[in-house]
Number of protein chains: 2
Amino acid sequence: MPRMTQPTHSTQQATVSTELYFDFLCPYAWRGVELAAVLKAEGEAFTLRHYSLVEGNHAENAKELTWRVTEQSLDAPDGDGYMKYLKPSLRAFLASHAAALQGEAAHWAFTLALFRAHHERKEPLTDDTIQAAAQEAGLDLNAFAAALAEEAARRAELRAELDAAREVGVFGTPTYVLPTGEAAYYRFETLTREPAQAREWWTLYRTVLTSEAGIGTIKRAKNRPPRRA
Amino acid sequence: MPRMTQPTHSTQQATVSTELYFDFLCPYAWRGVELAAVLKAEGEAFTLRHYSLVEGNHAENAKELTWRVTEQSLDAPDGDGYMKYLKPSLRAFLASHAAALQGEAAHWAFTLALFRAHHERKEPLTDDTIQAAAQEAGLDLNAFAAALAEEAARRAELRAELDAAREVGVFGTPTYVLPTGEAAYYRFETLTREPAQAREWWTLYRTVLTSEAGIGTIKRAKNRPPRRA
């Protein structure tokens, strides 16, 4: 007898929302989250997901995953070179998972507040900046602190998302995974909070991903970078 | 007194045509040249330009250009690994420059014939395949042979185009350089020779390059490749 392929509830959830992979380190991810926030206010569904640039770009992970950001200590000395981004990024991810426990609206508010603090106001991703973002987002600060203190649980949540990103083959942020399965990195220079413009740029991206041309890559030549509007 | 900025004839030529960088090795470049050929028949101007994947990807050229495909012998033994593509690619480039001496229409006919032989009929890029393509393209075969024999001149023409590509920062094929200066790699899976479809895919590419979003990259996640139509 043929197997029934009735989708489970969780599968249905996964297929109606676009997943948005981001790292707080990345200014392109910031603009990607702002774009999604505008569209979300107009009824398009997006789910926030974490992808670690430090883990993804780590030389030891080129062949298989051996160095995990989720196994790194926040109490260790600051790293050198690219590793100086490790603690700020991990700290922000764990805080993002703590915020998410207060619901979707709270998670979006916190994520936007922290992105703006870091990329618009150029504040470092420290505990102080994170606390200020939590306050700006209107989080219950006691519950937020309690959630942060349950660090192992937050690390496990992060690990699950990073593993999901690896399965998709995410390599940069922002990467959107459409409900229909297409997924691509979308790097653009101009910030918009204007609904018509956001809709136009989102439609353009989706048109590229769903074109019958089967477009794999559009990428500027190295010495002809895009201009910011 | 202000300097007059009257464009010279050669500047005008350069600004009205899209330059299309390609390597005969590359199936994406093949589809890109087919796309341009369809649009060209409808009045859009394209200029064929060579870019060497073997030179561009050569480890010794990572920092500065030290290994030049134009300095390699066609009489040397076949290379190993990626270097096995050196002689077929160089041979095809020199033949392409020889064909170009017979005018633009002849050059396009030869380029399409050789691309189709290699990627549609899976023939190797040998002297025999090149001769057959020249015949299929209706070239004057004596003049073609004479132009091929002037190998130093053809190598110099190729060098000039590879240097121009390097200035733009071309890294893959096909790369189109628009008359307005924007330039990007455009990789797609589906071959089209249908004018309306070609126009649609070209318009989509140009819309991405000229969007106020300032799009630098749209690139599929590694495990979610595009589907061929």
# chains A, B, ... in the order shown; residues from 1 in each chain; ligands from 1

call {"tool": "select_by_dssp", "arguments": {"residues": "range 13-143 of chain A", "states": "helix (DSSP H, G or I)", "output": "ChimeraX atom specification"}}
result
/A:13-16,27-41,53-56,59-61,69-71,81-100,104-120,127-136,141-143

call {"tool": "interface_residues", "arguments": {"of": "chain A", "to": "chain B", "cutoff": "8 Å", "atoms": "only C-alpha atoms", "output": "MDAnalysis selection string"}}
result
chainID A and resid 167:171 175 181:191 201 204:205 208:209 211:229

call {"tool": "atom_distance", "arguments": {"atom1": "CA of Ala147 in chain B", "atom2": "CA of Leu94 in chain B"}}
result
9.2 Å

call {"tool": "atom_distance", "arguments": {"atom1": "CA of Glu44 in chain A", "atom2": "CA of His97 in chain A"}}
result
22.1 Å

call {"tool": "residues_around", "arguments": {"residues": "Arg49 in chain A", "least_positions_apart": "4", "cutoff": "10 Å", "atoms": "only C-alpha atoms", "output": "list in words"}}
result
Glu19, Leu20, Tyr21, Phe22, Asp23, Phe93, Ser96, His97, Leu158, Glu161, Leu162, Ala164, Ala165, Pro174, Thr175 and Tyr176 of chain A

call {"tool": "residues_around", "arguments": {"residues": "range 115-123 of chain A", "least_positions_apart": "6", "cutoff": "9 Å", "atoms": "only C-alpha atoms", "output": "VMD selection string"}}
result
chain A and resid 24 to 27 29 to 30 33 129 to 130 132 to 133

call {"tool": "select_by_dssp", "arguments": {"residues": "range 7-141 of chain B", "states": "strand (DSSP E or B)", "output": "list of chain:residue names"}}
result
B:Thr18, B:Glu19, B:Leu20, B:Tyr21, B:Phe22, B:Phe46, B:Thr47, B:Leu48, B:Arg49, B:His50

call {"tool": "closest_residue", "arguments": {"among": "B:Thr66, B:Thr180, B:Gln72, B:Thr203", "to": "Val16 in chain B", "atoms": "only C-alpha atoms"}}
result
B:Thr180

call {"tool": "closest_residue", "arguments": {"among": "A:Tyr82, A:Ala76, A:Ala145, A:Ala196", "to": "Leu53 in chain A", "atoms": "only C-alpha atoms"}}
result
A:Tyr82

call {"tool": "residues_around", "arguments": {"residues": "Gly81 in chain B", "least_positions_apart": "5", "cutoff": "12 Å", "atoms": "only C-alpha atoms", "output": "MDAnalysis selection string"}}
result
chainID B and resid 54 58 86

call {"tool": "write_last_selection", "arguments": {"atoms": "C-alpha atoms", "output": "short mmCIF file (atom, residue, chain, number, x, y, z; two decimals), in the first residue's frame"}}
result
data_model
loop_
_atom_site.label_atom_id
_atom_site.label_comp_id
_atom_site.auth_asym_id
_atom_site.auth_seq_id
_atom_site.Cartn_x
_atom_site.Cartn_y
_atom_site.Cartn_z
CA VAL B 54 42.55 28.70 -16.29
CA HIS B 58 45.61 29.78 -11.29
CA LEU B 86 44.88 24.91 -20.62
#

call {"tool": "atom_distance", "arguments": {"atom1": "CA of Leu141 in chain A", "atom2": "CA of His107 in chain A"}}
result
13.2 Å

call {"tool": "closest_residue", "arguments": {"among": "B:Ser17, B:Thr111, B:Asn61, B:Thr126", "to": "Arg91 in chain B", "atoms": "only C-alpha atoms"}}
result
B:Thr126

call {"tool": "residues_around", "arguments": {"residues": "Glu55 in chain B", "least_positions_apart": "5", "cutoff": "8 Å", "atoms": "only C-alpha atoms", "output": "MDAnalysis selection string"}}
result
chainID B and resid 61 67:69

call {"tool": "residues_around", "arguments": {"residues": "Ala98 in chain B", "least_positions_apart": "6", "cutoff": "7 Å", "atoms": "only C-alpha atoms", "output": "count of residues only"}}
result
4

call {"tool": "decode", "arguments": {"residues": "range 153-168 of chain B", "atoms": "all heavy atoms", "output": "compact mmCIF listing (two decimals), in the first residue's frame"}}
result
# COMPACT_ATOMS: atom_id res chain seq x y z
N ALA B 153 50.56 37.48 -33.02
CA ALA B 153 49.57 38.57 -33.10
C ALA B 153 48.27 38.18 -32.40
O ALA B 153 47.67 38.98 -31.68
CB ALA B 153 49.29 38.90 -34.57
N ARG B 154 47.86 36.93 -32.59
CA ARG B 154 46.63 36.46 -31.94
C ARG B 154 46.81 36.43 -30.42
O ARG B 154 45.90 36.77 -29.67
CB ARG B 154 46.23 35.06 -32.44
CG ARG B 154 46.03 34.90 -33.96
CD ARG B 154 44.86 35.69 -34.51
NE ARG B 154 45.15 37.08 -34.75
CZ ARG B 154 45.86 37.58 -35.80
NH1 ARG B 154 46.34 36.76 -36.70
NH2 ARG B 154 46.06 38.88 -35.93
N ARG B 155 47.99 36.00 -29.96
CA ARG B 155 48.26 35.98 -28.51
C ARG B 155 48.22 37.41 -27.94
O ARG B 155 47.75 37.63 -26.84
CB ARG B 155 49.61 35.32 -28.24
CG ARG B 155 49.57 33.80 -28.35
CD ARG B 155 50.96 33.20 -28.16
NE ARG B 155 50.95 31.74 -28.29
CZ ARG B 155 50.89 30.88 -27.26
NH1 ARG B 155 50.88 31.34 -26.02
NH2 ARG B 155 50.86 29.58 -27.46
N ALA B 156 48.72 38.35 -28.70
CA ALA B 156 48.72 39.75 -28.24
C ALA B 156 47.29 40.28 -28.13
O ALA B 156 46.94 40.98 -27.18
CB ALA B 156 49.54 40.62 -29.18
N GLU B 157 46.45 39.92 -29.11
CA GLU B 157 45.04 40.34 -29.05
C GLU B 157 44.36 39.73 -27.83
O GLU B 157 43.61 40.40 -27.11
CB GLU B 157 44.30 39.88 -30.32
CG GLU B 157 44.71 40.64 -31.58
CD GLU B 157 44.33 39.90 -32.87
OE1 GLU B 157 43.72 38.81 -32.79
OE2 GLU B 157 44.67 40.42 -33.96
N LEU B 158 44.64 38.45 -27.60
CA LEU B 158 44.05 37.77 -26.44
C LEU B 158 44.52 38.42 -25.14
O LEU B 158 43.72 38.68 -24.23
CB LEU B 158 44.43 36.28 -26.46
CG LEU B 158 44.00 35.45 -25.26
CD1 LEU B 158 42.47 35.48 -25.07
CD2 LEU B 158 44.48 34.00 -25.40
N ARG B 159 45.83 38.71 -25.07
CA ARG B 159 46.40 39.32 -23.85
C ARG B 159 45.68 40.63 -23.52
O ARG B 159 45.37 40.91 -22.35
CB ARG B 159 47.90 39.58 -24.06
CG ARG B 159 48.66 40.04 -22.83
CD ARG B 159 48.78 38.95 -21.79
NE ARG B 159 47.93 39.20 -20.64
CZ ARG B 159 47.42 38.25 -19.86
NH1 ARG B 159 47.68 36.98 -20.08
NH2 ARG B 159 46.67 38.56 -18.85
N ALA B 160 45.42 41.42 -24.57
CA ALA B 160 44.76 42.72 -24.35
C ALA B 160 43.37 42.53 -23.73
O ALA B 160 42.97 43.26 -22.83
CB ALA B 160 44.66 43.48 -25.67
N GLU B 161 42.64 41.51 -24.20
CA GLU B 161 41.29 41.28 -23.65
C GLU B 161 41.37 40.72 -22.23
O GLU B 161 40.56 41.10 -21.37
CB GLU B 161 40.50 40.32 -24.55
CG GLU B 161 40.13 40.98 -25.87
CD GLU B 161 39.07 40.24 -26.63
OE1 GLU B 161 38.66 39.13 -26.21
OE2 GLU B 161 38.63 40.77 -27.67
N LEU B 162 42.33 39.85 -21.98
CA LEU B 162 42.45 39.29 -20.62
C LEU B 162 42.85 40.40 -19.64
O LEU B 162 42.39 40.41 -18.49
CB LEU B 162 43.48 38.16 -20.59
CG LEU B 162 43.16 36.95 -21.49
CD1 LEU B 162 44.21 35.86 -21.31
CD2 LEU B 162 41.77 36.40 -21.21
N ASP B 163 43.68 41.32 -20.09
CA ASP B 163 44.05 42.45 -19.23
C ASP B 163 42.85 43.36 -18.96
O ASP B 163 42.67 43.86 -17.85
CB ASP B 163 45.21 43.23 -19.85
CG ASP B 163 46.53 42.46 -19.79
OD1 ASP B 163 46.61 41.48 -19.02
OD2 ASP B 163 47.47 42.82 -20.52
N ALA B 164 42.03 43.55 -19.99
CA ALA B 164 40.81 44.37 -19.81
C ALA B 164 39.87 43.69 -18.81
O ALA B 164 39.27 44.35 -17.94
CB ALA B 164 40.12 44.58 -21.14
N ALA B 165 39.75 42.37 -18.91
CA ALA B 165 38.89 41.62 -17.99
C ALA B 165 39.39 41.75 -16.56
O ALA B 165 38.62 41.88 -15.61
CB ALA B 165 38.87 40.14 -18.39
N ARG B 166 40.71 41.73 -16.42
CA ARG B 166 41.31 41.85 -15.10
C ARG B 166 41.02 43.22 -14.48
O ARG B 166 40.80 43.34 -13.29
CB ARG B 166 42.82 41.62 -15.22
CG ARG B 166 43.47 41.25 -13.91
CD ARG B 166 44.87 40.71 -14.12
NE ARG B 166 45.54 40.59 -12.84
CZ ARG B 166 45.50 39.51 -12.07
NH1 ARG B 166 44.84 38.45 -12.47
NH2 ARG B 166 46.11 39.49 -10.90
N GLU B 167 41.00 44.22 -15.34
CA GLU B 167 40.70 45.57 -14.86
C GLU B 167 39.26 45.67 -14.33
O GLU B 167 39.00 46.34 -13.34
CB GLU B 167 40.92 46.56 -16.01
CG GLU B 167 41.33 47.95 -15.56
CD GLU B 167 41.91 48.75 -16.72
OE1 GLU B 167 42.90 48.27 -17.34
OE2 GLU B 167 41.38 49.81 -17.00
N VAL B 168 38.36 44.98 -14.99
CA VAL B 168 36.95 44.96 -14.56
C VAL B 168 36.80 44.09 -13.31
O VAL B 168 35.89 44.29 -12.50
CB VAL B 168 36.05 44.45 -15.70
CG1 VAL B 168 34.63 44.20 -15.23
CG2 VAL B 168 36.05 45.45 -16.86
